[in-house]
$ cat query00.cif   # mmCIF, C-alpha atoms
data_start
loop_
_atom_site.label_atom_id
_atom_site.label_comp_id
_atom_site.auth_asym_id
_atom_site.auth_seq_id
_atom_site.Cartn_x
_atom_site.Cartn_y
_atom_site.Cartn_z
CA MET J 9 0.00 0.00 0.00
CA LYS J 10 2.83 2.38 0.95
CA LYS J 11 4.45 1.58 -2.36
CA ILE J 12 1.29 2.50 -4.23
CA ILE J 13 1.05 5.80 -2.38
CA LEU J 14 4.70 6.53 -3.07
CA GLY J 15 4.21 5.61 -6.71
CA THR J 16 1.19 7.89 -6.96
CA MET J 17 3.13 10.73 -5.40
CA VAL J 18 5.99 10.32 -7.87
CA VAL J 19 3.56 10.34 -10.81
CA ALA J 20 1.77 13.39 -9.41
CA SER J 21 5.01 15.29 -8.93
CA LEU J 22 5.84 14.67 -12.58
CA ALA J 23 2.58 16.22 -13.70
CA PHE J 24 4.42 17.48 -16.77
CA SER J 25 7.16 15.03 -17.53
CA GLY J 26 7.08 15.57 -21.26
CA SER J 27 3.67 14.09 -21.78
CA VAL J 28 0.04 15.15 -21.37
CA PRO J 29 -3.28 13.35 -21.95
CA VAL J 30 -4.27 13.41 -25.62
CA VAL J 31 -7.17 15.49 -26.90
CA ALA J 32 -10.26 13.37 -26.29
CA ASP J 33 -13.07 15.62 -27.45
CA ALA J 34 -14.25 15.46 -31.05
CA LEU J 35 -15.85 18.92 -30.98
CA TYR J 36 -12.69 20.56 -29.63
CA GLN J 37 -10.63 18.76 -32.26
CA LYS J 38 -12.98 19.84 -35.06
CA GLU J 39 -13.49 23.46 -34.04
CA CYS J 40 -10.03 24.37 -32.76
CA ALA J 41 -7.65 22.06 -34.57
CA SER J 42 -9.05 22.93 -38.00
CA CYS J 43 -6.93 26.11 -37.92
CA HIS J 44 -4.04 25.18 -35.65
CA PHE J 45 -2.45 22.39 -33.69
CA GLY J 46 -4.88 20.93 -31.14
CA TYR J 47 -3.17 22.02 -27.95
CA GLN J 48 -3.92 19.58 -25.15
CA PRO J 49 -6.05 21.07 -22.33
CA ALA J 50 -3.33 20.32 -19.74
CA LEU J 51 -1.00 22.85 -21.38
CA LEU J 52 -2.94 25.77 -19.85
CA ASN J 53 -4.61 26.15 -16.48
CA LYS J 54 -8.28 26.90 -15.86
CA ALA J 55 -7.82 30.69 -15.63
CA SER J 56 -5.98 30.72 -18.96
CA TRP J 57 -8.62 28.67 -20.76
CA GLU J 58 -11.35 30.92 -19.43
CA LYS J 59 -9.50 33.90 -20.89
CA VAL J 60 -8.95 32.16 -24.24
CA MET J 61 -12.61 31.19 -24.49
CA GLY J 62 -13.73 34.62 -23.32
CA SER J 63 -12.02 36.36 -26.22
CA LEU J 64 -12.62 34.11 -29.23
CA SER J 65 -13.89 36.92 -31.45
CA ASP J 66 -10.34 38.32 -31.27
CA HIS J 67 -8.32 35.12 -31.02
CA PHE J 68 -4.72 36.21 -31.59
CA GLY J 69 -5.96 38.62 -34.25
CA THR J 70 -8.50 36.30 -35.85
CA ASP J 71 -12.23 35.82 -35.36
CA ALA J 72 -12.63 32.29 -34.00
CA SER J 73 -16.09 32.79 -32.48
CA LEU J 74 -18.41 29.84 -31.93
CA ASN J 75 -22.14 29.51 -31.49
CA LYS J 76 -23.32 29.51 -27.88
CA GLU J 77 -23.85 25.78 -27.60
CA ASP J 78 -20.44 24.75 -28.99
CA HIS J 79 -18.73 27.49 -27.02
CA GLN J 80 -20.15 26.16 -23.77
CA ALA J 81 -19.30 22.54 -24.58
CA ILE J 82 -15.69 23.34 -25.47
CA LEU J 83 -15.17 25.64 -22.48
CA SER J 84 -16.47 22.90 -20.22
CA TYR J 85 -14.13 20.29 -21.77
CA LEU J 86 -11.11 22.59 -21.42
CA VAL J 87 -11.83 23.60 -17.84
CA ARG J 88 -12.48 20.01 -16.77
CA ASN J 89 -9.14 18.92 -18.23
CA ALA J 90 -7.10 22.06 -17.57
CA GLY J 91 -3.53 21.61 -16.39
CA ASN J 92 -2.11 22.15 -12.93
CA GLY J 93 1.44 20.91 -13.39
CA LYS J 94 4.66 22.84 -13.79
CA ILE J 95 3.92 23.77 -17.41
CA THR J 96 1.02 25.93 -16.19
CA THR J 97 2.58 27.30 -12.99
CA ASN J 98 2.45 31.11 -12.78
CA ASN J 99 1.02 31.36 -16.26
CA ASP J 100 -2.49 32.79 -16.32
CA THR J 101 -2.02 34.30 -19.79
CA THR J 102 -3.61 32.97 -22.97
CA ARG J 103 -0.25 31.79 -24.31
CA ILE J 104 1.40 28.45 -23.51
CA THR J 105 4.67 30.08 -24.63
CA GLN J 106 4.49 32.45 -21.62
CA SER J 107 4.94 29.61 -19.15
CA ALA J 108 8.26 29.88 -17.25
CA TYR J 109 8.79 26.15 -17.65
CA PHE J 110 8.04 26.34 -21.38
CA LYS J 111 10.50 29.23 -21.76
CA LYS J 112 13.20 27.36 -19.86
CA GLU J 113 12.76 24.27 -22.01
CA HIS J 114 12.99 26.28 -25.25
CA ARG J 115 15.67 28.81 -24.25
CA LYS J 116 18.51 27.25 -26.22
CA ILE J 117 16.77 27.22 -29.59
CA PRO J 118 18.34 29.75 -31.99
CA LEU J 119 15.91 32.39 -33.28
CA ASN J 120 16.52 31.54 -36.95
CA VAL J 121 15.45 27.94 -36.29
CA ILE J 122 12.14 29.23 -34.90
CA THR J 123 11.48 31.82 -37.61
CA GLN J 124 12.29 29.55 -40.57
CA LYS J 125 9.22 28.83 -42.68
CA GLU J 126 8.96 25.18 -41.65
CA VAL J 127 8.40 26.28 -38.05
CA GLY J 128 7.23 29.92 -38.00
CA SER J 129 6.74 30.26 -34.26
CA LEU J 130 7.05 28.41 -30.98
CA ALA J 131 3.28 27.84 -31.14
CA ASN J 132 3.78 25.30 -33.93
CA CYS J 133 4.44 22.27 -31.69
CA MET J 134 4.27 19.65 -34.43
CA ALA J 135 7.04 21.30 -36.44
CA CYS J 136 9.64 19.77 -34.10
CA HIS J 137 7.79 17.61 -31.56
CA THR J 138 6.90 14.83 -33.99
CA THR J 139 4.62 13.11 -31.47
CA ALA J 140 2.97 16.23 -30.01
CA ASP J 141 -0.42 15.11 -31.28
CA LYS J 142 -0.01 11.95 -29.17
CA GLY J 143 0.55 14.15 -26.13
CA SER J 144 4.24 13.27 -26.07
CA TYR J 145 6.81 16.08 -25.95
CA SER J 146 9.73 13.89 -24.91
CA GLU J 147 13.18 14.95 -26.10
CA ARG J 148 13.84 11.78 -28.01
CA ASP J 149 10.95 12.55 -30.37
CA ILE J 150 12.21 15.99 -31.33
CA VAL J 151 13.35 16.50 -34.92
CA VAL J 152 14.02 20.13 -35.80
CA PRO J 153 13.58 20.99 -39.50
CA ASN J 154 16.91 21.70 -41.23
CA TYR J 155 18.72 20.84 -38.01
CA GLY J 156 17.94 17.27 -36.99
CA ARG J 157 17.54 15.62 -33.65
CA TRP J 158 17.68 17.78 -30.56
CA GLU J 159 20.02 16.05 -28.17
CA MET T 22 -33.76 4.83 -75.78
CA LYS T 23 -33.01 3.46 -72.33
CA LYS T 24 -29.40 4.43 -72.81
CA LEU T 25 -30.37 7.94 -73.79
CA LEU T 26 -32.61 8.30 -70.74
CA LEU T 27 -29.79 7.04 -68.54
CA MET T 28 -27.39 9.54 -70.05
CA VAL T 29 -29.85 12.39 -69.61
CA GLY T 30 -30.42 11.24 -66.03
CA LEU T 31 -26.69 11.11 -65.31
CA SER T 32 -26.04 14.54 -66.78
CA ILE T 33 -28.83 15.99 -64.64
CA LEU T 34 -27.18 14.37 -61.61
CA ALA T 35 -23.83 15.87 -62.63
CA LEU T 36 -25.42 19.31 -62.92
CA GLN T 37 -27.07 18.94 -59.54
CA ALA T 38 -23.73 18.20 -57.95
CA GLN T 39 -23.11 21.94 -58.34
CA GLU T 40 -26.34 22.98 -56.68
CA PHE T 41 -27.17 23.74 -53.07
CA ASN T 42 -28.79 20.98 -51.02
CA ALA T 43 -32.24 21.60 -49.51
CA PRO T 44 -31.14 23.19 -46.20
CA MET T 45 -28.70 25.42 -48.06
CA GLN T 46 -31.43 26.44 -50.53
CA THR T 47 -33.58 27.48 -47.59
CA TYR T 48 -30.66 29.47 -46.22
CA MET T 49 -30.08 31.16 -49.59
CA GLN T 50 -33.78 32.07 -49.77
CA ALA T 51 -33.58 33.65 -46.31
CA LEU T 52 -30.51 35.66 -47.39
CA SER T 53 -32.33 36.71 -50.55
CA LEU T 54 -35.33 37.92 -48.56
CA GLU T 55 -33.07 39.85 -46.21
CA ALA T 56 -31.23 41.42 -49.14
CA LYS T 57 -34.49 42.51 -50.72
CA ASN T 58 -35.69 43.98 -47.44
CA THR T 59 -32.64 46.22 -47.18
CA ASP T 60 -32.51 47.11 -50.90
CA SER T 61 -35.66 47.11 -53.03
CA THR T 62 -33.60 47.15 -56.27
CA PHE T 63 -31.98 43.79 -55.35
CA ASN T 64 -32.74 41.24 -58.05
CA GLY T 65 -30.86 38.10 -57.18
CA PHE T 66 -27.38 37.01 -56.22
CA ASP T 67 -24.54 37.28 -58.68
CA ALA T 68 -21.63 34.82 -58.78
CA LYS T 69 -19.47 37.31 -60.67
CA ARG T 70 -19.98 39.94 -57.95
CA GLY T 71 -19.14 37.23 -55.41
CA GLU T 72 -15.91 36.40 -57.23
CA THR T 73 -14.88 40.06 -57.28
CA LEU T 74 -15.56 40.35 -53.55
CA PHE T 75 -13.71 37.09 -52.88
CA GLN T 76 -10.62 38.46 -54.59
CA SER T 77 -10.84 42.04 -53.30
CA LYS T 78 -8.04 43.22 -51.00
CA HIS T 79 -8.59 44.94 -47.67
CA MET T 80 -6.38 46.18 -44.87
CA GLY T 81 -6.33 43.38 -42.34
CA LYS T 82 -6.25 43.64 -38.54
CA LYS T 83 -2.53 42.97 -38.53
CA GLY T 84 -1.67 45.89 -40.81
CA VAL T 85 -1.16 43.70 -43.86
CA GLU T 86 -3.47 43.55 -46.90
CA ILE T 87 -5.69 40.49 -46.86
CA SER T 88 -8.32 38.89 -49.09
CA CYS T 89 -10.20 35.60 -49.07
CA THR T 90 -7.59 34.35 -51.53
CA THR T 91 -4.78 34.99 -49.01
CA CYS T 92 -5.66 31.67 -47.39
CA HIS T 93 -7.90 29.98 -49.97
CA THR T 94 -5.77 30.91 -53.04
CA ILE T 95 -7.18 32.11 -56.36
CA ASN T 96 -8.04 28.55 -57.46
CA LEU T 97 -10.62 27.13 -55.08
CA LYS T 98 -9.94 23.61 -56.30
CA ASN T 99 -6.51 23.76 -54.70
CA ASN T 100 -5.56 23.38 -51.06
CA GLY T 101 -5.19 26.63 -49.19
CA GLN T 102 -3.05 27.56 -46.22
CA ASN T 103 -3.90 29.46 -43.04
CA VAL T 104 -1.78 32.62 -43.21
CA ASN T 105 -1.42 32.79 -39.42
CA THR T 106 -0.69 29.19 -38.53
CA ASN T 107 0.53 27.69 -41.84
CA LYS T 108 -1.98 24.89 -41.42
CA SER T 109 -3.27 23.43 -44.66
CA ILE T 110 -6.89 24.17 -45.68
CA LEU T 111 -8.83 21.68 -47.82
CA PRO T 112 -10.24 23.04 -51.12
CA LEU T 113 -13.33 25.27 -50.92
CA ALA T 114 -14.68 24.13 -54.30
CA PRO T 115 -17.62 21.72 -53.83
CA SER T 116 -16.65 20.04 -57.13
CA VAL T 117 -13.53 18.59 -55.50
CA ASN T 118 -14.56 18.72 -51.82
CA THR T 119 -18.19 17.62 -51.56
CA GLY T 120 -18.56 18.57 -47.90
CA ARG T 121 -18.26 22.28 -48.73
CA LEU T 122 -21.42 24.43 -48.60
CA SER T 123 -23.41 21.43 -47.39
CA ASP T 124 -23.94 22.41 -43.74
CA VAL T 125 -25.70 25.71 -42.94
CA LYS T 126 -24.21 25.89 -39.45
CA GLU T 127 -20.66 25.56 -40.80
CA VAL T 128 -21.35 28.05 -43.59
CA GLU T 129 -22.74 30.67 -41.18
CA LYS T 130 -19.81 30.23 -38.82
CA TRP T 131 -17.15 30.67 -41.47
CA LEU T 132 -18.91 33.57 -43.20
CA ARG T 133 -19.10 35.40 -39.87
CA ARG T 134 -15.45 34.73 -38.99
CA ASN T 135 -13.97 35.34 -42.40
CA PHE T 136 -15.89 38.52 -43.23
CA ASN T 137 -14.72 39.84 -39.85
CA ASP T 138 -11.12 38.92 -40.62
CA VAL T 139 -11.03 40.23 -44.19
CA LEU T 140 -13.49 43.17 -44.16
CA ASN T 141 -13.39 43.89 -40.42
CA ARG T 142 -17.20 43.65 -40.30
CA GLU T 143 -19.91 41.09 -40.88
CA GLY T 144 -21.04 40.55 -44.44
CA THR T 145 -24.40 41.84 -45.64
CA ALA T 146 -27.01 39.34 -46.83
CA ARG T 147 -26.25 40.29 -50.45
CA GLU T 148 -22.50 39.88 -50.01
CA LYS T 149 -22.89 36.50 -48.35
CA GLY T 150 -25.28 35.28 -51.04
CA ASP T 151 -22.99 36.54 -53.82
CA VAL T 152 -19.93 34.80 -52.38
CA LEU T 153 -21.82 31.52 -51.86
CA SER T 154 -23.19 31.76 -55.43
CA TYR T 155 -19.60 32.07 -56.64
CA ILE T 156 -18.18 29.23 -54.54
CA ILE T 157 -20.94 26.80 -55.54
CA THR T 158 -19.89 27.13 -59.21
CA GLN T 159 -16.34 26.09 -58.39
#
$ encode --input "query00.cif" --output "structure tokens"
Amino acid sequence: MKKIILGTMVVASLAFSGSVPVVADALYQKECASCHFGYQPALLNKASWEKVMGSLSDHFGTDASLNKEDHQAILSYLVRNAGNGKITTNNDTTRITQSAYFKKEHRKIPLNVITQKEVGSLANCMACHTTADKGSYSERDIVVPNYGRWE
Amino acid sequence: MKKLLLMVGLSILALQAQEFNAPMQTYMQALSLEAKNTDSTFNGFDAKRGETLFQSKHMGKKGVEISCTTCHTINLKNNGQNVNTNKSILPLAPSVNTGRLSDVKEVEKWLRRNFNDVLNREGTAREKGDVLSYIITQ
């Protein structure tokens, strides 16, 4: 029993150990991931998701508004599955890239690697994290365009 | 004779592939009514006017000129690309992507969003009807 508790504690402390639960909501996938990568709910906390969903008519400069019903369903999915691990700590903004942990993990990437057309911005997870859509951001799955493996 | 009838039947089917389905026809009629209510000289939607609007350039919210073709390209049978995220967009032309213009809810959503992004306002009933009349021919 002690072992189980210890095991649970270890898992909990690694709330973001390079992987997050995959997107498991068809409506979220359809409505949000038709324009951009389907960011997993655990990558932002509840406060952040509420801000994102509260400003969809100006969503990073684009109108991404939804009808009332879909808006409510997606907000509810995101809030229910919002993150609380180190990736979301002290980040109540609408941008995953503003997370201190995220910044630390990406600090060594040269600017020209990010701005090249195959990547564009740090918001384009799939450009380098080849298994991001599976919820896996582990280092061994990173392949940076025109650079190679990130080791 | 049977063959001829079959051929006529098939060509009618082929023509209908470029027409709105029943829910979309109802939606177009509602737009038409709304257009007439705001302008008594309105006498039907015009695909050519829709094409011109589709290709017209406007100052976007990010200080760069934008048009519908920025993302959807000038040839609606081709894939497009989201100018902000680089994500690929499937063709808008119903002739190559049969799901297009088939769902009123989807159509309303994208017209609202995209008019706001390109023209910085919602489209009028006439503008929406014109653009849909253009896309359906593609």
$ closest_residue --input "query00.cif" --among "T:Ser123, T:Ile156, T:Thr145, T:Trp131" --to "T:Asn58" --atoms "all atoms listed in the file"
T:Thr145
$ closest_atom_pairs --input "query00.cif" --of "chain J" --to "chain T" --cutoff "9 Å" --atoms "all atoms listed in the file" --output "CSV"
residue,atom,partner,partner_atom,distance
J:Ser42,CA,T:Ile110,CA,8.1
J:Cys43,CA,T:Lys108,CA,6.2
J:His44,CA,T:Thr106,CA,6.0
J:Phe45,CA,T:Lys108,CA,8.1
J:Ser65,CA,T:Arg134,CA,8.0
J:Gly69,CA,T:Lys82,CA,6.6
J:Thr70,CA,T:Asp138,CA,6.0
J:Asp71,CA,T:Arg134,CA,5.0
J:Ala72,CA,T:Arg134,CA,6.2
J:Ser73,CA,T:Arg134,CA,6.8
J:Leu74,CA,T:Lys130,CA,7.0
J:Asn75,CA,T:Lys130,CA,7.7
J:Lys125,CA,T:Asn107,CA,8.8
J:Glu126,CA,T:Asn107,CA,8.8
J:Val127,CA,T:Asn107,CA,8.8
J:Gly128,CA,T:Thr106,CA,8.0
J:Ser129,CA,T:Thr106,CA,8.6
J:Ala131,CA,T:Thr106,CA,8.5
J:Asn132,CA,T:Thr106,CA,7.5
$ residues_near_point --input "query00.cif" --point "(-31.7, 35.4, -53.6)" --cutoff "12 Å" --atoms "only C-alpha atoms" --output "MDAnalysis selection string"
chainID T and resid 45:58 63:68 146:154
$ resolve_selection --input "query00.cif" --expression "the PyMOL selection byres ((chain J and resi 103) around 10)" --output "list of chain:residue names"
J:Leu51, J:Leu52, J:Ser56, J:Trp57, J:Val60, J:Phe68, J:Asn99, J:Asp100, J:Thr101, J:Thr102, J:Ile104, J:Thr105, J:Gln106, J:Ser107, J:Ala131
$ write_last_selection --input "query00.cif" --atoms "C-alpha atoms" --output "PDB file, in the frame of the given file"
ATOM      1  CA  LEU J  51      -1.000  22.850 -21.380  1.00  0.00           C
ATOM      2  CA  LEU J  52      -2.940  25.770 -19.850  1.00  0.00           C
ATOM      3  CA  SER J  56      -5.980  30.720 -18.960  1.00  0.00           C
ATOM      4  CA  TRP J  57      -8.620  28.670 -20.760  1.00  0.00           C
ATOM      5  CA  VAL J  60      -8.950  32.160 -24.240  1.00  0.00           C
ATOM      6  CA  PHE J  68      -4.720  36.210 -31.590  1.00  0.00           C
ATOM      7  CA  ASN J  99       1.020  31.360 -16.260  1.00  0.00           C
ATOM      8  CA  ASP J 100      -2.490  32.790 -16.320  1.00  0.00           C
ATOM      9  CA  THR J 101      -2.020  34.300 -19.790  1.00  0.00           C
ATOM     10  CA  THR J 102      -3.610  32.970 -22.970  1.00  0.00           C
ATOM     11  CA  ILE J 104       1.400  28.450 -23.510  1.00  0.00           C
ATOM     12  CA  THR J 105       4.670  30.080 -24.630  1.00  0.00           C
ATOM     13  CA  GLN J 106       4.490  32.450 -21.620  1.00  0.00           C
ATOM     14  CA  SER J 107       4.940  29.610 -19.150  1.00  0.00           C
ATOM     15  CA  ALA J 131       3.280  27.840 -31.140  1.00  0.00           C
TER      16      ALA J 131
END
$ resolve_selection --input "query00.cif" --expression "the PyMOL selection byres ((chain J and resi 31) around 8)" --output "PDB file with C-alpha atoms, in the coordinates of the input"
ATOM      1  CA  PRO J  29      -3.280  13.350 -21.950  1.00  0.00           C
ATOM      2  CA  VAL J  30      -4.270  13.410 -25.620  1.00  0.00           C
ATOM      3  CA  ALA J  32     -10.260  13.370 -26.290  1.00  0.00           C
ATOM      4  CA  ASP J  33     -13.070  15.620 -27.450  1.00  0.00           C
ATOM      5  CA  TYR J  36     -12.690  20.560 -29.630  1.00  0.00           C
ATOM      6  CA  GLN J  37     -10.630  18.760 -32.260  1.00  0.00           C
ATOM      7  CA  GLY J  46      -4.880  20.930 -31.140  1.00  0.00           C
ATOM      8  CA  TYR J  47      -3.170  22.020 -27.950  1.00  0.00           C
ATOM      9  CA  GLN J  48      -3.920  19.580 -25.150  1.00  0.00           C
ATOM     10  CA  PRO J  49      -6.050  21.070 -22.330  1.00  0.00           C
ATOM     11  CA  GLY J 143       0.550  14.150 -26.130  1.00  0.00           C
TER      12      GLY J 143
END
$ atom_distance --input "query00.cif" --atom1 "atom CA of T:Leu113" --atom2 "atom CA of T:Lys98"
6.6 Å
$ residues_around --input "query00.cif" --residues "T:Asn42" --least-positions-apart "6" --cutoff "12 Å" --atoms "all atoms listed in the file" --output "PyMOL selection string"
chain T and resi 48-49+115+119-125+157
$ atom_distance --input "query00.cif" --atom1 "atom CA of T:Glu72" --atom2 "atom CA of T:Cys89"
10.0 Å
$ decode --input "query00.cif" --residues "stretch 35-96 of chain J" --atoms "C-alpha atoms" --output "mmCIF file, in the first residue's frame"
data_model
loop_
_atom_site.group_PDB
_atom_site.id
_atom_site.type_symbol
_atom_site.label_atom_id
_atom_site.label_comp_id
_atom_site.auth_asym_id
_atom_site.auth_seq_id
_atom_site.Cartn_x
_atom_site.Cartn_y
_atom_site.Cartn_z
ATOM 1 C CA LEU J 35 -15.851 18.922 -30.985
ATOM 2 C CA TYR J 36 -12.686 20.564 -29.625
ATOM 3 C CA GLN J 37 -10.634 18.756 -32.257
ATOM 4 C CA LYS J 38 -12.976 19.836 -35.056
ATOM 5 C CA GLU J 39 -13.491 23.457 -34.043
ATOM 6 C CA CYS J 40 -10.028 24.367 -32.764
ATOM 7 C CA ALA J 41 -7.652 22.060 -34.568
ATOM 8 C CA SER J 42 -9.052 22.929 -37.999
ATOM 9 C CA CYS J 43 -6.929 26.105 -37.917
ATOM 10 C CA HIS J 44 -4.035 25.182 -35.646
ATOM 11 C CA PHE J 45 -2.450 22.390 -33.687
ATOM 12 C CA GLY J 46 -4.879 20.932 -31.137
ATOM 13 C CA TYR J 47 -3.168 22.025 -27.947
ATOM 14 C CA GLN J 48 -3.923 19.580 -25.148
ATOM 15 C CA PRO J 49 -6.046 21.071 -22.329
ATOM 16 C CA ALA J 50 -3.331 20.323 -19.741
ATOM 17 C CA LEU J 51 -1.001 22.853 -21.378
ATOM 18 C CA LEU J 52 -2.935 25.768 -19.850
ATOM 19 C CA ASN J 53 -4.611 26.148 -16.483
ATOM 20 C CA LYS J 54 -8.280 26.905 -15.859
ATOM 21 C CA ALA J 55 -7.816 30.686 -15.629
ATOM 22 C CA SER J 56 -5.983 30.719 -18.961
ATOM 23 C CA TRP J 57 -8.617 28.666 -20.763
ATOM 24 C CA GLU J 58 -11.351 30.920 -19.434
ATOM 25 C CA LYS J 59 -9.496 33.899 -20.888
ATOM 26 C CA VAL J 60 -8.954 32.165 -24.237
ATOM 27 C CA MET J 61 -12.610 31.189 -24.486
ATOM 28 C CA GLY J 62 -13.733 34.619 -23.322
ATOM 29 C CA SER J 63 -12.016 36.359 -26.220
ATOM 30 C CA LEU J 64 -12.621 34.106 -29.227
ATOM 31 C CA SER J 65 -13.889 36.918 -31.449
ATOM 32 C CA ASP J 66 -10.342 38.315 -31.274
ATOM 33 C CA HIS J 67 -8.320 35.124 -31.019
ATOM 34 C CA PHE J 68 -4.717 36.214 -31.589
ATOM 35 C CA GLY J 69 -5.956 38.623 -34.249
ATOM 36 C CA THR J 70 -8.499 36.296 -35.847
ATOM 37 C CA ASP J 71 -12.234 35.815 -35.363
ATOM 38 C CA ALA J 72 -12.634 32.292 -33.997
ATOM 39 C CA SER J 73 -16.087 32.795 -32.480
ATOM 40 C CA LEU J 74 -18.410 29.843 -31.935
ATOM 41 C CA ASN J 75 -22.141 29.515 -31.492
ATOM 42 C CA LYS J 76 -23.318 29.508 -27.876
ATOM 43 C CA GLU J 77 -23.847 25.777 -27.596
ATOM 44 C CA ASP J 78 -20.442 24.751 -28.994
ATOM 45 C CA HIS J 79 -18.733 27.494 -27.021
ATOM 46 C CA GLN J 80 -20.151 26.163 -23.769
ATOM 47 C CA ALA J 81 -19.302 22.538 -24.580
ATOM 48 C CA ILE J 82 -15.692 23.335 -25.474
ATOM 49 C CA LEU J 83 -15.173 25.645 -22.482
ATOM 50 C CA SER J 84 -16.467 22.901 -20.225
ATOM 51 C CA TYR J 85 -14.129 20.290 -21.775
ATOM 52 C CA LEU J 86 -11.108 22.587 -21.420
ATOM 53 C CA VAL J 87 -11.827 23.599 -17.842
ATOM 54 C CA ARG J 88 -12.482 20.010 -16.773
ATOM 55 C CA ASN J 89 -9.136 18.924 -18.229
ATOM 56 C CA ALA J 90 -7.099 22.064 -17.566
ATOM 57 C CA GLY J 91 -3.527 21.615 -16.387
ATOM 58 C CA ASN J 92 -2.114 22.154 -12.926
ATOM 59 C CA GLY J 93 1.438 20.906 -13.390
ATOM 60 C CA LYS J 94 4.664 22.839 -13.788
ATOM 61 C CA ILE J 95 3.924 23.773 -17.409
ATOM 62 C CA THR J 96 1.016 25.931 -16.187
#
